[in-house]
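Asks: Structure file run18.txt (compact mmCIF, C-alpha atoms) is given on the next line.
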# COMPACT_ATOMS: atom_id res chain seq x y z
CA MET A 1 38.97 90.89 109.92
CA ARG A 2 39.72 87.25 109.24
CA LEU A 3 38.75 87.81 105.61
CA ALA A 4 41.08 90.80 105.33
CA LEU A 5 43.95 88.81 106.84
CA GLY A 6 43.26 86.02 104.39
CA LEU A 7 43.36 88.47 101.51
CA ILE A 8 46.68 89.89 102.65
CA LEU A 9 48.13 86.39 102.95
CA CYS A 10 46.92 85.61 99.41
CA VAL A 11 48.55 88.70 97.97
CA VAL A 12 51.80 88.06 99.82
CA ALA A 13 51.75 84.41 98.72
CA GLY A 14 51.05 85.52 95.16
CA CYS A 15 54.12 87.72 95.27
CA ALA A 16 56.22 84.93 96.75
CA SER A 17 55.20 82.40 94.11
CA SER A 18 56.27 84.72 91.29
CA ARG A 19 59.63 85.21 92.97
CA ARG A 20 61.67 82.67 91.14
CA MET A 21 65.42 82.65 91.02
CA ALA A 22 67.13 84.19 88.01
CA PRO A 23 68.22 81.02 86.23
CA TRP A 24 70.95 82.51 84.04
CA PRO A 25 73.31 84.63 86.12
CA GLY A 26 75.42 85.41 83.03
CA VAL A 27 72.55 87.07 81.21
CA ARG A 28 72.40 90.80 81.97
CA SER A 29 71.80 92.20 78.49
CA ILE A 30 69.29 91.23 75.83
CA LEU A 31 69.42 92.28 72.19
CA VAL A 32 65.99 92.15 70.55
CA LEU A 33 65.94 91.78 66.78
CA PRO A 34 63.07 93.14 64.65
CA ALA A 35 60.29 90.56 64.35
CA LEU A 36 60.40 88.18 61.42
CA ASN A 37 57.03 88.12 59.66
CA VAL A 38 56.02 84.87 57.96
CA SER A 39 52.28 85.50 58.26
CA SER A 40 50.06 86.18 55.27
CA ARG A 41 47.65 88.44 57.18
CA LEU A 42 49.99 91.24 58.19
CA ALA A 43 52.19 93.54 56.17
CA ASP A 44 53.80 95.33 59.09
CA VAL A 45 54.84 93.93 62.47
CA ASP A 46 57.02 96.86 63.64
CA VAL A 47 54.76 97.32 66.65
CA LEU A 48 56.29 94.19 68.20
CA LEU A 49 59.76 95.75 68.34
CA ASP A 50 58.36 99.15 69.38
CA THR A 51 56.65 97.66 72.43
CA ILE A 52 59.18 95.04 73.57
CA THR A 53 61.65 97.20 75.51
CA ARG A 54 59.41 98.00 78.46
CA PRO A 55 58.37 94.45 79.46
CA VAL A 56 61.91 93.06 79.07
CA ALA A 57 63.49 95.98 80.97
CA ASP A 58 60.86 95.74 83.72
CA LYS A 59 61.85 92.09 84.16
CA GLY A 60 65.31 93.35 85.06
CA TYR A 61 67.47 93.12 81.94
CA TYR A 62 69.45 95.67 80.00
CA VAL A 63 67.68 95.96 76.65
CA PHE A 64 69.79 97.22 73.76
CA PRO A 65 68.19 100.31 72.17
CA VAL A 66 65.98 98.53 69.67
CA ALA A 67 65.86 101.10 66.86
CA VAL A 68 69.53 102.10 67.25
CA THR A 69 70.66 98.46 67.16
CA ALA A 70 68.51 97.63 64.11
CA ARG A 71 69.93 100.65 62.29
CA PHE A 72 73.47 99.62 63.21
CA ILE A 73 73.02 96.01 62.08
CA ARG A 74 71.44 97.16 58.80
CA ALA A 75 74.43 99.38 58.12
CA ASN A 76 76.92 96.68 59.09
CA GLY A 77 75.99 93.40 57.51
CA ALA A 78 72.39 92.26 57.53
CA GLU A 79 70.09 94.45 55.50
CA THR A 80 66.87 92.48 55.92
CA VAL A 81 65.12 91.15 59.00
CA LYS A 82 65.53 87.66 57.57
CA GLY A 83 69.25 88.29 57.24
CA MET A 84 69.41 89.47 60.87
CA HIS A 85 67.67 86.31 62.05
CA GLU A 86 70.00 84.14 59.99
CA LEU A 87 73.25 85.59 61.37
CA SER A 88 74.74 83.30 63.98
CA VAL A 89 73.72 84.28 67.49
CA GLN A 90 77.36 84.19 68.60
CA ARG A 91 78.11 87.00 66.14
CA TYR A 92 75.86 89.28 68.21
CA GLY A 93 77.65 88.11 71.33
CA GLU A 94 81.11 88.74 69.91
CA ALA A 95 80.44 91.92 67.96
CA LEU A 96 78.10 93.72 70.37
CA ARG A 97 78.71 91.89 73.66
CA ALA A 98 75.06 90.94 73.98
CA ASP A 99 74.53 88.15 76.51
CA ALA A 100 71.39 86.86 74.79
CA VAL A 101 69.30 87.56 71.70
CA LEU A 102 65.50 87.63 71.68
CA TYR A 103 63.92 86.44 68.42
CA MET A 104 60.29 87.16 67.57
CA THR A 105 58.51 85.43 64.70
CA VAL A 106 54.96 86.15 63.55
CA ALA A 107 52.98 83.41 61.81
CA ASP A 108 49.35 82.72 60.87
CA ASP A 109 47.20 81.01 63.46
CA ALA A 110 43.58 79.88 63.76
CA LYS A 111 42.76 82.89 65.99
CA GLY A 112 44.59 85.38 63.83
CA ILE A 113 48.30 85.33 64.37
CA ALA A 114 50.80 83.77 66.73
CA VAL A 115 54.02 85.32 67.96
CA THR A 116 56.84 83.03 69.01
CA TYR A 117 59.47 84.43 71.36
CA ARG A 118 62.84 82.69 71.72
CA LEU A 119 65.63 83.83 73.99
CA VAL A 120 68.96 82.35 72.93
CA SER A 121 72.32 82.57 74.70
CA ALA A 122 74.76 84.57 72.58
CA THR A 123 77.69 82.67 74.08
CA THR A 124 76.52 79.04 73.86
CA GLY A 125 73.69 79.28 71.33
CA ALA A 126 71.42 77.37 73.71
CA GLU A 127 67.74 78.28 73.85
CA LEU A 128 67.08 79.75 77.32
CA TRP A 129 63.39 80.50 77.17
CA ARG A 130 60.50 80.24 74.76
CA ALA A 131 56.89 81.42 74.66
CA ARG A 132 54.14 81.37 72.07
CA LEU A 133 51.25 83.77 72.09
CA SER A 134 48.11 83.55 70.01
CA THR A 135 46.59 86.97 69.43
CA SER A 136 44.33 89.04 67.23
CA ILE A 137 45.96 91.52 64.85
CA LYS A 138 44.40 94.39 66.80
CA GLU A 139 46.06 93.28 70.05
CA LEU A 140 49.53 92.81 68.58
CA GLY A 141 50.87 95.80 70.51
CA LYS A 142 50.07 94.04 73.81
CA ALA A 143 51.66 90.73 72.85
CA GLY A 144 55.07 91.54 74.34
CA GLU A 145 53.68 92.59 77.69
CA ARG A 146 51.53 89.44 77.87
CA ALA A 147 54.24 87.01 76.78
CA ILE A 148 57.20 88.53 78.66
CA GLY A 149 55.38 89.89 81.70
CA ASP A 150 53.42 86.75 82.62
CA ALA A 151 54.40 85.74 86.17
CA LYS A 152 54.43 82.00 85.42
CA THR A 153 55.37 81.55 81.77
CA GLY A 154 57.05 84.92 81.17
CA LEU A 155 60.70 85.83 81.37
CA PRO A 156 62.19 85.11 84.81
CA PRO A 157 63.55 88.19 86.65
CA GLY A 158 67.00 89.41 85.69
CA PRO A 159 69.80 91.28 87.48
CA TYR A 160 68.17 94.75 87.37
CA HIS A 161 65.01 93.45 88.98
CA PRO A 162 64.70 95.04 92.46
CA ARG A 163 64.61 91.64 94.15
CA GLU A 164 67.69 90.43 92.29
CA ALA A 165 69.53 93.64 93.19
CA GLU A 166 68.58 92.97 96.84
CA ARG A 167 69.92 89.42 96.66
CA ALA A 168 73.16 90.56 95.09
CA GLY A 169 73.59 93.01 97.97
CA ASP A 170 73.05 90.36 100.68
CA MET B 1 30.17 99.23 122.79
CA ARG B 2 28.78 98.28 119.43
CA LYS B 3 29.66 101.64 117.93
CA CYS B 4 33.17 101.32 119.27
CA ARG B 5 33.59 97.90 117.71
CA ARG B 6 32.36 99.22 114.44
CA LEU B 7 34.88 102.04 114.49
CA GLY B 8 37.64 99.59 115.29
CA CYS B 9 36.51 97.42 112.43
CA ARG B 10 36.61 100.35 110.09
CA ARG B 11 40.11 101.24 111.16
CA VAL B 12 41.23 97.66 110.66
CA ARG B 13 39.65 97.71 107.24
CA ILE B 14 41.49 100.88 106.26
CA VAL B 15 44.78 99.48 107.52
CA CYS B 16 44.15 96.27 105.57
CA CYS B 17 43.41 98.23 102.40
CA VAL B 18 46.65 100.16 102.76
CA ILE B 19 48.63 96.95 103.34
CA LEU B 20 46.93 95.30 100.36
CA ALA B 21 47.69 98.26 98.12
CA ALA B 22 51.31 98.27 99.28
CA ALA B 23 51.62 94.53 98.68
CA ALA B 24 50.11 94.90 95.21
CA CYS B 25 52.60 97.67 94.45
CA GLY B 26 55.42 95.41 95.65
CA CYS B 27 54.51 92.91 92.92
CA GLN B 28 54.78 95.57 90.26
CA ASN B 29 57.99 97.32 89.45
CA GLY B 30 57.88 100.69 87.88
CA LEU B 31 61.63 100.76 87.58
CA TYR B 32 62.01 103.42 84.93
CA ASP B 33 60.89 106.81 83.78
CA TRP B 34 59.83 105.89 80.22
CA GLY B 35 58.42 109.22 79.12
CA SER B 36 58.15 109.50 75.35
CA TYR B 37 60.68 106.80 74.39
CA ASP B 38 57.79 104.57 73.19
CA GLN B 39 56.38 107.36 71.05
CA THR B 40 59.81 107.99 69.53
CA LEU B 41 60.08 104.33 68.55
CA ARG B 42 56.65 104.42 66.93
CA ASP B 43 57.65 107.55 64.99
CA ILE B 44 60.83 105.87 63.73
CA SER B 45 58.86 102.84 62.57
CA ALA B 46 56.36 105.11 60.83
CA GLY B 47 59.21 106.79 58.98
CA ALA B 48 58.47 110.19 60.54
CA PRO B 49 60.20 113.21 58.95
CA ALA B 50 63.29 114.84 60.46
CA GLU B 51 61.42 117.65 62.21
CA VAL B 52 59.26 115.15 64.08
CA MET B 53 62.35 113.21 65.15
CA LEU B 54 64.00 116.40 66.41
CA ARG B 55 60.88 117.23 68.40
CA ASP B 56 60.99 113.71 69.87
CA ARG B 57 64.65 114.26 70.76
CA ASP B 58 63.82 117.53 72.54
CA ALA B 59 61.07 115.84 74.55
CA MET B 60 63.39 113.00 75.59
CA VAL B 61 66.21 115.41 76.54
CA ASP B 62 63.78 117.38 78.75
CA GLU B 63 62.57 114.16 80.35
CA ALA B 64 66.12 112.96 81.00
CA GLN B 65 66.95 116.24 82.77
CA GLU B 66 63.73 116.07 84.77
CA ALA B 67 64.46 112.45 85.72
CA ALA B 68 67.92 113.44 86.98
CA LYS B 69 66.36 116.18 89.15
CA ARG B 70 63.81 113.81 90.64
CA GLY B 71 66.14 110.88 91.08
CA ARG B 72 64.20 108.75 88.57
CA VAL B 73 66.03 106.22 86.41
CA VAL B 74 66.19 106.70 82.63
CA PRO B 75 65.36 103.34 80.98
CA PRO B 76 67.79 101.22 78.96
CA GLY B 77 68.21 102.58 75.44
CA LYS B 78 66.71 106.03 75.87
CA TYR B 79 69.98 107.98 76.05
CA ALA B 80 71.29 106.01 73.08
CA GLN B 81 68.14 106.81 71.12
CA ILE B 82 68.67 110.53 71.74
CA GLY B 83 72.26 110.08 70.51
CA ASP B 84 71.08 108.26 67.41
CA ILE B 85 68.70 111.05 66.44
CA GLU B 86 71.61 113.48 66.81
CA ALA B 87 73.79 111.19 64.67
CA VAL B 88 71.17 110.95 61.92
CA ALA B 89 70.73 114.73 62.04
CA GLY B 90 74.50 115.15 61.63
CA ASP B 91 75.25 116.52 65.11
CA ARG B 92 78.44 114.67 65.95
CA ALA B 93 79.04 116.26 69.37
CA GLY B 94 75.45 115.59 70.44
CA ALA B 95 75.69 111.99 69.33
CA VAL B 96 78.94 111.43 71.26
CA LYS B 97 77.46 113.04 74.37
CA TRP B 98 74.30 110.93 74.48
CA TYR B 99 75.88 107.65 73.36
CA GLY B 100 78.33 108.32 76.21
CA ALA B 101 75.44 108.84 78.64
CA GLU B 102 74.03 105.42 77.71
CA LYS B 103 77.41 103.83 78.29
CA ASP B 104 77.79 105.52 81.69
CA ALA B 105 74.31 104.50 82.82
CA TYR B 106 74.47 100.96 81.39
CA PRO B 107 77.95 99.47 80.93
CA GLU B 108 76.36 96.54 79.02
CA SER B 109 75.99 98.94 76.09
CA ALA B 110 79.68 99.96 76.02
CA ARG B 111 80.70 97.94 72.98
CA LEU B 112 77.80 99.09 70.79
CA MET B 113 78.19 102.71 71.91
CA ASP B 114 81.95 102.61 71.15
CA LEU B 115 81.24 101.21 67.68
CA LEU B 116 78.57 103.84 67.03
CA ILE B 117 80.92 106.65 68.09
CA GLU B 118 83.78 105.17 66.06
CA ARG B 119 81.66 105.04 62.92
CA LEU B 120 80.25 108.56 63.12
CA PRO B 121 81.12 110.51 59.98
Will you turn the file into structure tokens for me?
Replies:
Amino acid sequence: MRLALGLILCVVAGCASSRRMAPWPGVRSILVLPALNVSSRLADVDVLLDTITRPVADKGYYVFPVAVTARFIRANGAETVKGMHELSVQRYGEALRADAVLYMTVADDAKGIAVTYRLVSATTGAELWRARLSTSIKELGKAGERAIGDAKTGLPPGPYHPREAERAGD
Amino acid sequence: MRKCRRLGCRRVRIVCCVILAAAACGCQNGLYDWGSYDQTLRDISAGAPAEVMLRDRDAMVDEAQEAAKRGRVVPPGKYAQIGDIEAVAGDRAGAVKWYGAEKDAYPESARLMDLLIERLP
């Protein structure tokens, strides 16, 4: 009985500790650009963009439709991924009303490859959040979930997160 | 007496398990009905032919209707993706309808959806 109670307390405490405040109230929507690949070991890193929507949306943000947005940007200015990454972040804010842009870059690493995630405010250009994940090529499809979803180092909860919605209603 | 205690213990254990499971669920958040949106994105990246994309669209349309019936929430981007497949296939009315659905569900997308609709041939 005492053990069971202890377990319950642990789980509840675990939940509580991951319940941080949303630090950027102005950030509701995130535009994710296709990943920039500067590694020598991989030809194709599309899987990073294909698997990023779910973890970011589950954290409580509006995620621009990744394939639709990439197609739109290609047709309206930046034809290459490099070009998309080089456009000023404020352009995405002004042209598409994105609150923040998430950049992913893939580079070589001792273990295989490393993915760097950078969330940048599309109004101020300030870096809001950053994570780096070392992974094997085989596990690349799980990188987003691991980097974004992590309770401690991942993205803090946004406005669509159930808890944030609750707070807004209080 | 002993048997009785045991039974009580068992009941407590069951109750604890239920509470633990509920608490664990509380940490998760299955906010959205994702359906085949992921698969559609993989097909686009793989450069799948038009008939595959139209099949993906049909699956996502069915899922969106099912989600509406069951009160489940369609995730960010999924309506817009349906609209985009319509746009690429040359169905202007379909594109306008589904881009509009994204805008209604998620006002954050309004600017992009307006631009997409504006630039339809």
Asks: Using only C-alpha atoms, can you tell me which of B:Val73, B:Ala101, B:Asp56, B:Val88 comes closest to Arg42 of chain B?
Replies: B:Asp56
Asks: Looking at A:Ala75, A:Arg41, A:Ala67, A:Leu33, which one is nearest to chain B, with distances taken over only C-alpha atoms?
Replies: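 Selected residue with least distance to chain B: A:Ala67.
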Asks: Point out the residue among A:Arg97, A:Arg74, A:Arg118, A:Lys138 with the least atom-to-atom distance to chain B, counting all atoms listed in the file.
Replies: A:Arg97
Asks: Excluding Leu155 of chain A and residues on its chain fewer than 3 positions from it, collect all residues at most 7 Å away from it, counting all atoms listed in the file, and give them as a list in words.
Replies: Lys59, Ile148 and Gly149 of chain A
Asks: Taking only C-alpha atoms into account, name the residue in B:Pro76, B:Gly35, B:Gly71, B:Pro49 that is nearest to chain A.
Replies: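 Between B:Pro76, B:Gly35, B:Gly71, B:Pro49, the residue approaching chain A most closely is B:Pro76.
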Asks: B:Glu118, B:Asp84, B:Ser36, B:Gly94: which is nearest chain A, counting all atoms listed in the file?
Replies: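 Nearest candidate to chain A out of B:Glu118, B:Asp84, B:Ser36, B:Gly94: B:Asp84.
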Asks: Asp33 of chain B: which residues within 10 Å, counting only C-alpha atoms, same-chain residues fewer than 3 positions away excluded, as a list in words?
Replies: Gly30, Ser36, Tyr37, Glu63, Ala64, Glu66, Ala67, Gly71, Arg72, Val73, Val74, Pro75 and Lys78 of chain B
Asks: Considering all atoms listed in the file, can you say which of B:Met60, B:Leu120, B:Leu115, B:Ala95 comes closest to Ile73 of chain A?
Replies: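 For Ile73 of chain A, the nearest of the candidates is B:Leu115.
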Asks: Rounded to one decimal in Å, what is the spacing between atom CA of Lys152 of chain A and atom CA of Tyr61 of chain A?
Replies: 17.5 Å
Asks: Using only C-alpha atoms, which residues sit within 8 Å of Met53 of chain B once same-chain residues fewer than 5 positions away are excluded, as a list of chain:residue names?
Replies: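 Final neighbour list, sorted by chain and number: B:Thr40, B:Asp43, B:Ile44, B:Ala48, B:Ile85.
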Asks: To one decimal in Å, tell me the separation between atom CA of Ser40 of chain A and atom CA of Val66 of chain A.
Replies: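 One can read the atom CA of Ser40 of chain A to atom CA of Val66 of chain A distance as 24.8 Å.
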Asks: What is the atom CA of Gly77 of chain A-atom CA of Pro34 of chain A distance in Å, reported with one decimal?
Replies: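 About the pair atom CA of Gly77 of chain A and atom CA of Pro34 of chain A: they are 14.8 Å apart.
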Asks: Using all atoms listed in the file, which protein or nucleic acid residues come within 12 Å of Ile117 of chain B? Drop anything in the same chain fewer than 3 positions from it, and give the result as a ChimeraX atom specification.
Replies: /A:72 /B:80,83-84,86-87,91-100,102-103,110-114,120-121
